[in-house]
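Chemist: Here you go, one structure.
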Amino acid sequence: MHAPGDPGFEERYRAIDARDTRFDGQFVTAVSSTGIYCRPSCPARTPRREHVRFYRTSAAAHEAGYRACRRCLPEATPGTPEWDVRADVVGRAMRLIADGVLDRDGVDALADRLGYSARHVHRMLVAELGAGPQALARARRAQTARALLVGTALPVADVAFAAGFGSVRQFNDTIRDVFALRPLDLRARAGRGAVVPGRGGPDPVARVRLDLALPVRQPYDAPGVLGFLAARAVTGVEVADLPAGGPLRYARTVVLPHGPGVLDVEATRERPRRGSPPEWRLALRLELSSLADVGTAVSRARRLLDLDADPQAVDAALGADPALAPLVREVPGARVPGTVDPAELLVRAVVGQQISVAAARGHLGRLVAAAGSPSGSAQPGLDRLFPTPEQVLAHVPEPVPGAAPDPDRPLRLPGRQVAAVLAAARGLADGTLGVHV
């Protein structure tokens with residue numbers, strides 16, 4: 001928490017006075033005279049300094065007794081960029097909480113994943129962020145619930161469980177505490193025009209389909225990000241359609257905690273206001289085995305598309321290089337695509353060493369066809385899941401020195417490279433090799 005006189009207070013105060021959208025999601029502004037907290041770009045009149053407190057997270061503001069502003073909707077902003085890049089305990093904890101680990105497995109499991117005791121993890125998070133793991137997870141659930149209430153036609157009880165709440169009563173209490181509104185009132189304030197029922201209908205395998213908006217800081221180089229993913233799309237797991245006139249689409253299967261699912265992203269170029277430059281708007285269509293996976297699926301989609309990055313800071317850093325400056329001016333908002341599964345990324349990286357992107361796609365496509373499980377999706381081209389480390393070990397034969405390799409083997413790579421893939425899969429499967437979000 002930053003109060004008047006604290007280091008960094010004046011910089012933050014200048015940001016809210018300028019209503020600078022670059023800082024949305026990076027901190028919240030709590031106003032003691034009103035009892036609410038806002039995003040930095042809130043259009044309301046700038047409060048007096050003595051009434052302002054700045055918090056790193058909305059959870060810390062909740063813990064201090066503030067509720068979310070109904071005008072600027074601070075819960076609808078992109079996330080804080082630093083949680084995607086920090087490798088320390090706090091950064092990893094925030095990524096795991098966003099992925100739903102605490103909701104699924106509890107505080108002790110979160111602490112085990114981090115390698116510390118639950119008490120020490122709580123102490124570190126409170127010291128740096130002003131809120132413990134339970135409060136941070138509660139804020140995440142509130143954010144997910146708000147998005148579902150205003151963006152879908154799901155019944156309120158389904159929203160509660162999709163957002164990760166243990167009961168409808170807990171859900172109602174949290175929504176009232178955070179937004180000072182009942183869930184149905186929060187939905188009504190958004191207007192019926194904001195309610196978007198999931199397209200298509202339920203099927204016997206993937207019974208949940210939802211459409212949600214993905215908040216993103218502008219500018220965003222959607223053609224660059226989706227083009228990168230499309231060039232590396234593995235047959236059966238990923239599909240892409242990037243027409244010159246748009247909209248752009250990329251979709252892939254994914255393994256979620258409660259079963260297989262599909263992330264289907266559509267990017268549309270729009271001009272938000274007359275005279276302003278066009279911006280890319282992103283929508284996410286989810287096909288899930290369980291409502292309980294909504295929050296995790298959204299978190300992984302955001303990580304895959306690098307939606308929480310700070311494009312202004314990135315462009316400023318790259319633009320300082322004389323060789324890169326013209327490229328930054330031509331294509332602002334460059335991002336670094338991530339992954340939905342660190343283990344998958346490791347296998348793909350080892351397979352792709354010292355060969356072309358097209359060749360790597362061929363090897364991975366054969367691996368998926370031989371070892372991947374059926375996805376159960378009805379979407380054309382998305383019929384397989386990327387194989388787990390255990391499946392890689394079961395379907396990729398160990399190379400035998402001096403023996404002629406099988407021409408029908410899934411990975412037609414040099415023996416040393418196949419051995420490296422198997423060694424990585426073996427380490428992932430037995431836990432001796434750890435990869436983290």
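Starting from 1 in every chain, residues are counted up; chains themselves are A, B, ... following the order of the structure tokens, and ligands are numbered from 1 as listed.
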Might you pull out every residue within 7 Å of region 252-261 of chain A, with only C-alpha atoms counted and same-chain residues fewer than 4 positions away left off, and present them as an NGL selection string?
Modeler: :A and (237-239 or 287-290 or 293 or 375 or 382 or 385)
Chemist: Suppose we keep all heavy atoms; can you now write the selection as an mmCIF file, in the first residue's frame?
Modeler:
```
data_model
loop_
_atom_site.group_PDB
_atom_site.id
_atom_site.type_symbol
_atom_site.label_atom_id
_atom_site.label_comp_id
_atom_site.auth_asym_id
_atom_site.auth_seq_id
_atom_site.Cartn_x
_atom_site.Cartn_y
_atom_site.Cartn_z
ATOM 1 N N VAL A 237 -4.036 -30.739 -33.582
ATOM 2 C CA VAL A 237 -4.037 -30.000 -32.316
ATOM 3 C C VAL A 237 -4.400 -28.538 -32.523
ATOM 4 O O VAL A 237 -5.070 -27.930 -31.681
ATOM 5 C CB VAL A 237 -2.659 -30.103 -31.625
ATOM 6 C CG1 VAL A 237 -2.596 -29.243 -30.368
ATOM 7 C CG2 VAL A 237 -2.362 -31.553 -31.275
ATOM 8 N N GLU A 238 -3.978 -27.946 -33.643
ATOM 9 C CA GLU A 238 -4.156 -26.521 -33.882
ATOM 10 C C GLU A 238 -4.678 -26.279 -35.296
ATOM 11 O O GLU A 238 -4.316 -27.004 -36.230
ATOM 12 C CB GLU A 238 -2.830 -25.769 -33.710
ATOM 13 C CG GLU A 238 -2.204 -25.902 -32.332
ATOM 14 C CD GLU A 238 -0.750 -25.484 -32.321
ATOM 15 O OE1 GLU A 238 0.094 -26.268 -32.820
ATOM 16 O OE2 GLU A 238 -0.459 -24.376 -31.841
ATOM 17 N N VAL A 239 -5.488 -25.246 -35.444
ATOM 18 C CA VAL A 239 -5.916 -24.772 -36.766
ATOM 19 C C VAL A 239 -5.865 -23.252 -36.746
ATOM 20 O O VAL A 239 -5.989 -22.620 -35.688
ATOM 21 C CB VAL A 239 -7.343 -25.239 -37.129
ATOM 22 C CG1 VAL A 239 -7.408 -26.750 -37.273
ATOM 23 C CG2 VAL A 239 -8.361 -24.748 -36.111
ATOM 24 N N GLU A 287 -14.686 -24.313 -25.482
ATOM 25 C CA GLU A 287 -15.398 -25.589 -25.519
ATOM 26 C C GLU A 287 -14.767 -26.441 -24.422
ATOM 27 O O GLU A 287 -13.598 -26.812 -24.505
ATOM 28 C CB GLU A 287 -15.234 -26.241 -26.888
ATOM 29 C CG GLU A 287 -15.994 -27.535 -27.056
ATOM 30 C CD GLU A 287 -15.769 -28.140 -28.430
ATOM 31 O OE1 GLU A 287 -15.976 -27.428 -29.429
ATOM 32 O OE2 GLU A 287 -15.363 -29.311 -28.473
ATOM 33 N N LEU A 288 -15.534 -26.718 -23.366
ATOM 34 C CA LEU A 288 -14.981 -27.311 -22.153
ATOM 35 C C LEU A 288 -15.735 -28.570 -21.752
ATOM 36 O O LEU A 288 -16.918 -28.741 -22.067
ATOM 37 C CB LEU A 288 -15.048 -26.314 -20.993
ATOM 38 C CG LEU A 288 -14.421 -24.940 -21.227
ATOM 39 C CD1 LEU A 288 -14.719 -24.029 -20.046
ATOM 40 C CD2 LEU A 288 -12.924 -25.059 -21.452
ATOM 41 N N SER A 289 -15.034 -29.429 -21.006
ATOM 42 C CA SER A 289 -15.675 -30.604 -20.428
ATOM 43 C C SER A 289 -16.393 -30.260 -19.135
ATOM 44 O O SER A 289 -17.299 -30.986 -18.720
ATOM 45 C CB SER A 289 -14.627 -31.687 -20.151
ATOM 46 O OG SER A 289 -13.981 -32.089 -21.335
ATOM 47 N N SER A 290 -15.992 -29.172 -18.476
ATOM 48 C CA SER A 290 -16.581 -28.794 -17.191
ATOM 49 C C SER A 290 -16.551 -27.286 -17.023
ATOM 50 O O SER A 290 -15.572 -26.635 -17.406
ATOM 51 C CB SER A 290 -15.814 -29.455 -16.037
ATOM 52 O OG SER A 290 -16.203 -28.931 -14.788
ATOM 53 N N ASP A 293 -13.536 -25.384 -15.357
ATOM 54 C CA ASP A 293 -12.287 -25.065 -16.047
ATOM 55 C C ASP A 293 -12.295 -23.690 -16.708
ATOM 56 O O ASP A 293 -11.319 -23.336 -17.390
ATOM 57 C CB ASP A 293 -11.993 -26.122 -17.117
ATOM 58 C CG ASP A 293 -11.475 -27.421 -16.530
ATOM 59 O OD1 ASP A 293 -10.840 -27.368 -15.466
ATOM 60 O OD2 ASP A 293 -11.705 -28.480 -17.137
ATOM 61 N N SER A 375 -9.496 -35.771 -28.868
ATOM 62 C CA SER A 375 -9.902 -34.582 -28.109
ATOM 63 C C SER A 375 -11.389 -34.573 -27.778
ATOM 64 O O SER A 375 -11.809 -33.912 -26.838
ATOM 65 C CB SER A 375 -9.564 -33.319 -28.906
ATOM 66 O OG SER A 375 -10.401 -33.228 -30.052
ATOM 67 N N LEU A 382 -9.590 -30.351 -35.164
ATOM 68 C CA LEU A 382 -9.147 -30.366 -33.768
ATOM 69 C C LEU A 382 -9.555 -31.688 -33.117
ATOM 70 O O LEU A 382 -10.406 -31.736 -32.235
ATOM 71 C CB LEU A 382 -9.748 -29.185 -33.003
ATOM 72 C CG LEU A 382 -9.322 -27.793 -33.488
ATOM 73 C CD1 LEU A 382 -10.058 -26.707 -32.709
ATOM 74 C CD2 LEU A 382 -7.814 -27.604 -33.356
ATOM 75 N N LEU A 385 -5.262 -34.434 -28.893
ATOM 76 C CA LEU A 385 -4.581 -33.699 -27.831
ATOM 77 C C LEU A 385 -3.083 -33.944 -27.965
ATOM 78 O O LEU A 385 -2.663 -35.041 -28.363
ATOM 79 C CB LEU A 385 -5.050 -34.177 -26.459
ATOM 80 C CG LEU A 385 -6.534 -33.985 -26.141
ATOM 81 C CD1 LEU A 385 -6.890 -34.730 -24.860
ATOM 82 C CD2 LEU A 385 -6.874 -32.508 -26.010
#
```
Chemist: I need the residues in region 25-250 of chain A that are helix (DSSP H, G or I) according to DSSP; give them as number ranges by chain.
Modeler: A: 49-51, 58-63, 74-76, 81-84, 89-98, 101-105, 107-114, 118-129, 133-151, 156-162, 168-179, 183-190, 192-194, 222-231
Chemist: For Glu330 (chain A), which residue among A:Ala44, A:Pro219, A:Ala137, A:Val294 is the nearest when counting only C-alpha atoms?
Modeler: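 For Glu330 (chain A), the nearest of the given residues is A:Pro219.
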Chemist: With only C-alpha atoms as the counted atoms, please give the residues lying no more than 9 Å from Arg19 (chain A), apart from itself and same-chain residues fewer than 5 positions off, as a PyMOL selection string.
Modeler: chain A and resi 14+39-43+46
Chemist: List the spatial neighbours of Asp406 (chain A) as a list in words - criterion: any atom at most 10 Å away, only C-alpha atoms, same-chain residues fewer than 6 positions off excluded.
Modeler: Pro397, Pro399 and Arg412 of chain A
Chemist: Filtering to C-alpha atoms, could you give me those residues as a PDB file, in the first residue's frame?
Modeler:
```pdb
ATOM      1  CA  PRO A 397      10.887 -46.313 -29.640  1.00  0.00           C
ATOM      2  CA  PRO A 399      16.958 -45.636 -30.828  1.00  0.00           C
ATOM      3  CA  ARG A 412      12.211 -39.583 -37.979  1.00  0.00           C
TER       4      ARG A 412
END
```
Chemist: So which residues of region 137-253 of chain A fall under strand (DSSP E or B) by DSSP, listed as a PyMOL selection string?
Modeler: chain A and resi 208-214+238-241+248-253
Chemist: Would you write out those residues with all heavy atoms, as a short mmCIF file (atom, residue, chain, number, x, y, z; two decimals), in the first residue's frame?
Modeler:
```cif
data_model
loop_
_atom_site.label_atom_id
_atom_site.label_comp_id
_atom_site.auth_asym_id
_atom_site.auth_seq_id
_atom_site.Cartn_x
_atom_site.Cartn_y
_atom_site.Cartn_z
N VAL A 208 -19.96 -27.73 -22.56
CA VAL A 208 -19.99 -26.31 -22.21
C VAL A 208 -19.35 -25.50 -23.33
O VAL A 208 -18.21 -25.77 -23.72
CB VAL A 208 -19.23 -26.05 -20.89
CG1 VAL A 208 -19.29 -24.57 -20.54
CG2 VAL A 208 -19.81 -26.89 -19.77
N ARG A 209 -20.08 -24.51 -23.83
CA ARG A 209 -19.54 -23.60 -24.85
C ARG A 209 -19.85 -22.17 -24.42
O ARG A 209 -21.01 -21.84 -24.15
CB ARG A 209 -20.14 -23.90 -26.22
CG ARG A 209 -19.77 -25.27 -26.76
CD ARG A 209 -20.29 -25.45 -28.16
NE ARG A 209 -19.95 -26.78 -28.66
CZ ARG A 209 -20.18 -27.19 -29.89
NH1 ARG A 209 -20.74 -26.37 -30.77
NH2 ARG A 209 -19.86 -28.41 -30.27
N LEU A 210 -18.82 -21.37 -24.36
CA LEU A 210 -18.98 -19.99 -23.91
C LEU A 210 -18.18 -19.06 -24.81
O LEU A 210 -17.11 -19.42 -25.30
CB LEU A 210 -18.47 -19.82 -22.47
CG LEU A 210 -19.19 -20.57 -21.36
CD1 LEU A 210 -18.42 -20.38 -20.06
CD2 LEU A 210 -20.61 -20.06 -21.20
N ASP A 211 -18.69 -17.84 -25.00
CA ASP A 211 -17.97 -16.77 -25.69
C ASP A 211 -17.66 -15.67 -24.68
O ASP A 211 -18.56 -15.20 -23.98
CB ASP A 211 -18.80 -16.18 -26.83
CG ASP A 211 -18.93 -17.14 -28.00
OD1 ASP A 211 -18.37 -18.25 -27.91
OD2 ASP A 211 -19.60 -16.79 -28.99
N LEU A 212 -16.41 -15.26 -24.62
CA LEU A 212 -15.98 -14.22 -23.68
C LEU A 212 -15.07 -13.22 -24.40
O LEU A 212 -14.35 -13.58 -25.33
CB LEU A 212 -15.22 -14.82 -22.50
CG LEU A 212 -15.98 -15.76 -21.57
CD1 LEU A 212 -15.01 -16.45 -20.63
CD2 LEU A 212 -17.02 -14.99 -20.77
N ALA A 213 -15.09 -11.98 -23.95
CA ALA A 213 -14.14 -10.98 -24.44
C ALA A 213 -12.84 -11.12 -23.65
O ALA A 213 -12.84 -11.44 -22.46
CB ALA A 213 -14.70 -9.58 -24.27
N LEU A 214 -11.70 -10.88 -24.33
CA LEU A 214 -10.39 -10.91 -23.69
C LEU A 214 -9.84 -9.49 -23.62
O LEU A 214 -9.43 -8.94 -24.65
CB LEU A 214 -9.43 -11.80 -24.48
CG LEU A 214 -9.69 -13.31 -24.45
CD1 LEU A 214 -8.72 -14.02 -25.39
CD2 LEU A 214 -9.55 -13.86 -23.05
N GLU A 238 -3.98 -27.95 -33.64
CA GLU A 238 -4.16 -26.52 -33.88
C GLU A 238 -4.68 -26.28 -35.30
O GLU A 238 -4.32 -27.00 -36.23
CB GLU A 238 -2.83 -25.77 -33.71
CG GLU A 238 -2.20 -25.90 -32.33
CD GLU A 238 -0.75 -25.48 -32.32
OE1 GLU A 238 0.09 -26.27 -32.82
OE2 GLU A 238 -0.46 -24.38 -31.84
N VAL A 239 -5.49 -25.25 -35.44
CA VAL A 239 -5.92 -24.77 -36.77
C VAL A 239 -5.86 -23.25 -36.75
O VAL A 239 -5.99 -22.62 -35.69
CB VAL A 239 -7.34 -25.24 -37.13
CG1 VAL A 239 -7.41 -26.75 -37.27
CG2 VAL A 239 -8.36 -24.75 -36.11
N ALA A 240 -5.67 -22.66 -37.93
CA ALA A 240 -5.62 -21.20 -38.03
C ALA A 240 -6.19 -20.77 -39.37
O ALA A 240 -6.07 -21.48 -40.37
CB ALA A 240 -4.18 -20.70 -37.87
N ASP A 241 -6.80 -19.60 -39.36
CA ASP A 241 -7.33 -18.98 -40.58
C ASP A 241 -7.06 -17.49 -40.47
O ASP A 241 -7.67 -16.80 -39.64
CB ASP A 241 -8.83 -19.27 -40.70
CG ASP A 241 -9.41 -18.69 -41.99
OD1 ASP A 241 -8.64 -18.46 -42.94
OD2 ASP A 241 -10.64 -18.47 -42.03
N LEU A 248 -9.21 -12.64 -37.88
CA LEU A 248 -8.20 -13.68 -37.77
C LEU A 248 -8.65 -14.70 -36.74
O LEU A 248 -9.21 -14.34 -35.70
CB LEU A 248 -6.85 -13.07 -37.34
CG LEU A 248 -6.41 -11.81 -38.09
CD1 LEU A 248 -5.08 -11.33 -37.52
CD2 LEU A 248 -6.31 -12.07 -39.58
N ARG A 249 -8.35 -15.98 -37.00
CA ARG A 249 -8.79 -17.02 -36.07
C ARG A 249 -7.66 -18.02 -35.85
O ARG A 249 -6.97 -18.44 -36.78
CB ARG A 249 -10.02 -17.75 -36.61
CG ARG A 249 -10.46 -18.93 -35.75
CD ARG A 249 -11.71 -19.62 -36.28
NE ARG A 249 -12.00 -20.80 -35.50
CZ ARG A 249 -11.79 -22.06 -35.91
NH1 ARG A 249 -11.28 -22.28 -37.11
NH2 ARG A 249 -12.09 -23.08 -35.13
N TYR A 250 -7.50 -18.41 -34.59
CA TYR A 250 -6.58 -19.47 -34.21
C TYR A 250 -7.27 -20.29 -33.13
O TYR A 250 -7.86 -19.73 -32.19
CB TYR A 250 -5.25 -18.90 -33.67
CG TYR A 250 -4.41 -19.93 -32.95
CD1 TYR A 250 -3.57 -20.79 -33.65
CD2 TYR A 250 -4.47 -20.06 -31.57
CE1 TYR A 250 -2.81 -21.74 -32.99
CE2 TYR A 250 -3.71 -21.00 -30.90
CZ TYR A 250 -2.88 -21.84 -31.61
OH TYR A 250 -2.14 -22.79 -30.95
N ALA A 251 -7.21 -21.61 -33.25
CA ALA A 251 -7.85 -22.48 -32.25
C ALA A 251 -6.96 -23.68 -31.99
O ALA A 251 -6.20 -24.11 -32.88
CB ALA A 251 -9.22 -22.93 -32.74
N ARG A 252 -7.05 -24.21 -30.78
CA ARG A 252 -6.28 -25.39 -30.43
C ARG A 252 -6.95 -26.17 -29.32
O ARG A 252 -7.73 -25.63 -28.54
CB ARG A 252 -4.85 -25.02 -30.01
CG ARG A 252 -4.73 -24.22 -28.73
CD ARG A 252 -3.36 -24.45 -28.09
NE ARG A 252 -3.21 -25.84 -27.69
CZ ARG A 252 -2.03 -26.46 -27.61
NH1 ARG A 252 -0.93 -25.83 -27.92
NH2 ARG A 252 -1.97 -27.73 -27.23
N THR A 253 -6.62 -27.45 -29.26
CA THR A 253 -7.09 -28.28 -28.16
C THR A 253 -6.16 -28.08 -26.97
O THR A 253 -4.99 -27.68 -27.11
CB THR A 253 -7.10 -29.77 -28.55
OG1 THR A 253 -5.78 -30.19 -28.90
CG2 THR A 253 -8.04 -30.01 -29.72
#
```
Chemist: Need the shell around region 27-34 of chain A: protein/DNA/RNA residues with any atom at most 10 Å away, counting only C-alpha atoms. Skip same-chain ones fewer than 5 positions apart. Format as JSON, numbers by chain?
Modeler: {"A": [1, 2, 12, 13, 16, 39, 40, 41, 42, 46, 47, 48, 49, 50, 51, 52, 53, 54, 55, 56, 57, 58, 59, 60, 61, 62, 64, 65, 66, 67, 68, 69, 74, 75, 79, 80]}
Chemist: Give me, please, the distance in Å between CA of Val351 (chain A) and CA of Asp99 (chain A), quoted to one decimal.
Modeler: 26.9 Å
Chemist: Would you mind telling me which residue in A:Val357, A:Val225, A:Val392, A:Ala343 lies nearest to Leu428 (chain A) when using only C-alpha atoms?
Modeler: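 Counting only C-alpha atoms, the residue closest to Leu428 (chain A) is A:Ala343.
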Chemist: Of the candidates A:Pro326, A:Gly5, A:His436, A:Val121, which one gets nearest to Leu345 (chain A) if we count only C-alpha atoms?
Modeler: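 Looking at the shortest contact to Leu345 (chain A), the residue is A:His436.
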Chemist: Any idea what the distance is between CA of Thr268 (chain A) and CA of Arg281 (chain A)?
Modeler: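 It comes out at 5.3 Å.
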Chemist: At a cut-off of 12 Å, using only C-alpha atoms, what residues contact region 310-322 of chain A? Leave out same-chain residues fewer than 6 positions from it and give the result as a ChimeraX atom specification.
Modeler: /A:20-26,78-85,216-221,328-336
Chemist: Write a file of the selected residues as a PDB file, in the first residue's frame, keeping N, CA and C atoms.
Modeler:
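What ended up in again18.pdb:
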```
ATOM      1  N   ASP A  20      -4.157   7.659 -17.245  1.00  0.00           N
ATOM      2  CA  ASP A  20      -3.265   6.942 -18.149  1.00  0.00           C
ATOM      3  C   ASP A  20      -3.638   5.458 -18.202  1.00  0.00           C
ATOM      4  N   THR A  21      -4.148   5.007 -19.341  1.00  0.00           N
ATOM      5  CA  THR A  21      -4.599   3.623 -19.481  1.00  0.00           C
ATOM      6  C   THR A  21      -3.454   2.614 -19.421  1.00  0.00           C
ATOM      7  N   ARG A  22      -2.216   3.069 -19.591  1.00  0.00           N
ATOM      8  CA  ARG A  22      -1.089   2.136 -19.552  1.00  0.00           C
ATOM      9  C   ARG A  22      -0.962   1.453 -18.205  1.00  0.00           C
ATOM     10  N   PHE A  23      -1.480   2.083 -17.156  1.00  0.00           N
ATOM     11  CA  PHE A  23      -1.300   1.541 -15.809  1.00  0.00           C
ATOM     12  C   PHE A  23      -2.501   0.728 -15.325  1.00  0.00           C
ATOM     13  N   ASP A  24      -3.536   0.618 -16.166  1.00  0.00           N
ATOM     14  CA  ASP A  24      -4.688  -0.203 -15.788  1.00  0.00           C
ATOM     15  C   ASP A  24      -4.240  -1.644 -15.566  1.00  0.00           C
ATOM     16  N   GLY A  25      -4.619  -2.195 -14.419  1.00  0.00           N
ATOM     17  CA  GLY A  25      -4.238  -3.555 -14.087  1.00  0.00           C
ATOM     18  C   GLY A  25      -2.939  -3.665 -13.326  1.00  0.00           C
ATOM     19  N   GLN A  26      -2.141  -2.595 -13.311  1.00  0.00           N
ATOM     20  CA  GLN A  26      -0.860  -2.664 -12.623  1.00  0.00           C
ATOM     21  C   GLN A  26      -0.966  -2.229 -11.164  1.00  0.00           C
ATOM     22  N   PRO A  78      -6.734  -5.855 -18.170  1.00  0.00           N
ATOM     23  CA  PRO A  78      -5.701  -6.901 -18.297  1.00  0.00           C
ATOM     24  C   PRO A  78      -4.924  -7.045 -16.995  1.00  0.00           C
ATOM     25  N   GLY A  79      -4.180  -8.153 -16.872  1.00  0.00           N
ATOM     26  CA  GLY A  79      -3.443  -8.404 -15.645  1.00  0.00           C
ATOM     27  C   GLY A  79      -2.154  -7.602 -15.561  1.00  0.00           C
ATOM     28  N   THR A  80      -1.458  -7.760 -14.448  1.00  0.00           N
ATOM     29  CA  THR A  80      -0.200  -7.047 -14.232  1.00  0.00           C
ATOM     30  C   THR A  80       0.925  -7.700 -15.035  1.00  0.00           C
ATOM     31  N   PRO A  81       1.658  -6.942 -15.845  1.00  0.00           N
ATOM     32  CA  PRO A  81       2.684  -7.549 -16.707  1.00  0.00           C
ATOM     33  C   PRO A  81       3.763  -8.312 -15.946  1.00  0.00           C
ATOM     34  N   GLU A  82       4.116  -7.845 -14.765  1.00  0.00           N
ATOM     35  CA  GLU A  82       5.273  -8.449 -14.102  1.00  0.00           C
ATOM     36  C   GLU A  82       5.037  -9.899 -13.694  1.00  0.00           C
ATOM     37  N   TRP A  83       3.762 -10.320 -13.520  1.00  0.00           N
ATOM     38  CA  TRP A  83       3.548 -11.708 -13.098  1.00  0.00           C
ATOM     39  C   TRP A  83       3.887 -12.687 -14.212  1.00  0.00           C
ATOM     40  N   ASP A  84       3.968 -12.227 -15.450  1.00  0.00           N
ATOM     41  CA  ASP A  84       4.331 -13.113 -16.549  1.00  0.00           C
ATOM     42  C   ASP A  84       5.832 -13.307 -16.674  1.00  0.00           C
ATOM     43  N   VAL A  85       6.617 -12.452 -16.055  1.00  0.00           N
ATOM     44  CA  VAL A  85       8.065 -12.514 -16.268  1.00  0.00           C
ATOM     45  C   VAL A  85       8.859 -12.771 -14.998  1.00  0.00           C
ATOM     46  N   VAL A 216      -7.304  -6.539 -23.456  1.00  0.00           N
ATOM     47  CA  VAL A 216      -5.921  -6.498 -23.918  1.00  0.00           C
ATOM     48  C   VAL A 216      -5.460  -5.049 -23.985  1.00  0.00           C
ATOM     49  N   ARG A 217      -4.219  -4.805 -23.580  1.00  0.00           N
ATOM     50  CA  ARG A 217      -3.660  -3.464 -23.700  1.00  0.00           C
ATOM     51  C   ARG A 217      -3.310  -3.192 -25.163  1.00  0.00           C
ATOM     52  N   GLN A 218      -3.647  -2.009 -25.598  1.00  0.00           N
ATOM     53  CA  GLN A 218      -3.340  -1.609 -26.976  1.00  0.00           C
ATOM     54  C   GLN A 218      -2.024  -0.840 -27.010  1.00  0.00           C
ATOM     55  N   PRO A 219      -1.276  -0.893 -28.108  1.00  0.00           N
ATOM     56  CA  PRO A 219      -1.577  -1.660 -29.315  1.00  0.00           C
ATOM     57  C   PRO A 219      -1.246  -3.135 -29.145  1.00  0.00           C
ATOM     58  N   TYR A 220      -1.856  -3.963 -30.001  1.00  0.00           N
ATOM     59  CA  TYR A 220      -1.623  -5.405 -29.956  1.00  0.00           C
ATOM     60  C   TYR A 220      -1.419  -5.907 -31.377  1.00  0.00           C
ATOM     61  N   ASP A 221      -0.300  -6.549 -31.625  1.00  0.00           N
ATOM     62  CA  ASP A 221       0.027  -7.055 -32.958  1.00  0.00           C
ATOM     63  C   ASP A 221      -0.593  -8.433 -33.143  1.00  0.00           C
ATOM     64  N   VAL A 328       9.428  -1.093 -35.177  1.00  0.00           N
ATOM     65  CA  VAL A 328       8.471  -0.808 -34.102  1.00  0.00           C
ATOM     66  C   VAL A 328       7.431   0.203 -34.565  1.00  0.00           C
ATOM     67  N   ARG A 329       7.880   1.221 -35.307  1.00  0.00           N
ATOM     68  CA  ARG A 329       6.930   2.217 -35.817  1.00  0.00           C
ATOM     69  C   ARG A 329       5.956   1.588 -36.814  1.00  0.00           C
ATOM     70  N   GLU A 330       6.452   0.645 -37.595  1.00  0.00           N
ATOM     71  CA  GLU A 330       5.603   0.005 -38.600  1.00  0.00           C
ATOM     72  C   GLU A 330       4.608  -0.970 -37.973  1.00  0.00           C
ATOM     73  N   VAL A 331       5.070  -1.726 -36.957  1.00  0.00           N
ATOM     74  CA  VAL A 331       4.212  -2.725 -36.306  1.00  0.00           C
ATOM     75  C   VAL A 331       4.336  -2.571 -34.797  1.00  0.00           C
ATOM     76  N   PRO A 332       3.577  -1.665 -34.200  1.00  0.00           N
ATOM     77  CA  PRO A 332       3.624  -1.522 -32.736  1.00  0.00           C
ATOM     78  C   PRO A 332       2.879  -2.663 -32.048  1.00  0.00           C
ATOM     79  N   GLY A 333       3.198  -2.860 -30.786  1.00  0.00           N
ATOM     80  CA  GLY A 333       2.467  -3.847 -29.993  1.00  0.00           C
ATOM     81  C   GLY A 333       2.943  -5.270 -30.157  1.00  0.00           C
ATOM     82  N   ALA A 334       4.226  -5.481 -30.471  1.00  0.00           N
ATOM     83  CA  ALA A 334       4.751  -6.840 -30.608  1.00  0.00           C
ATOM     84  C   ALA A 334       4.673  -7.568 -29.270  1.00  0.00           C
ATOM     85  N   ARG A 335       4.365  -8.848 -29.311  1.00  0.00           N
ATOM     86  CA  ARG A 335       4.285  -9.673 -28.105  1.00  0.00           C
ATOM     87  C   ARG A 335       5.110 -10.940 -28.288  1.00  0.00           C
ATOM     88  N   VAL A 336       5.302 -11.666 -27.188  1.00  0.00           N
ATOM     89  CA  VAL A 336       6.012 -12.943 -27.215  1.00  0.00           C
ATOM     90  C   VAL A 336       5.005 -14.046 -26.915  1.00  0.00           C
TER      91      VAL A 336
END
```
Chemist: Leaving out Thr339 (chain A) and any residue of its chain fewer than 5 positions from it, which residues lie within 8 Å of it when counting only C-alpha atoms, given as a PyMOL selection string?
Modeler: chain A and resi 300+303-304+345
Chemist: Counting only C-alpha atoms, figure out which residue out of A:Gln143, A:Ser377, A:Thr388, A:Gln134 gets nearest to Asp264 (chain A).
Modeler: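 The closest residue to Asp264 (chain A) is A:Ser377.
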Chemist: If I take CA of Val150 (chain A) and CA of Arg187 (chain A), how far is one from the other in Å, to one decimal?
Modeler: 5.1 Å
Chemist: Hey, which of A:Leu291, A:Arg285, A:Ala111, A:Val178 ends up closest to Asp158 (chain A)? Count only C-alpha atoms.
Modeler: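 Between A:Leu291, A:Arg285, A:Ala111, A:Val178, the residue approaching Asp158 (chain A) most closely is A:Leu291.
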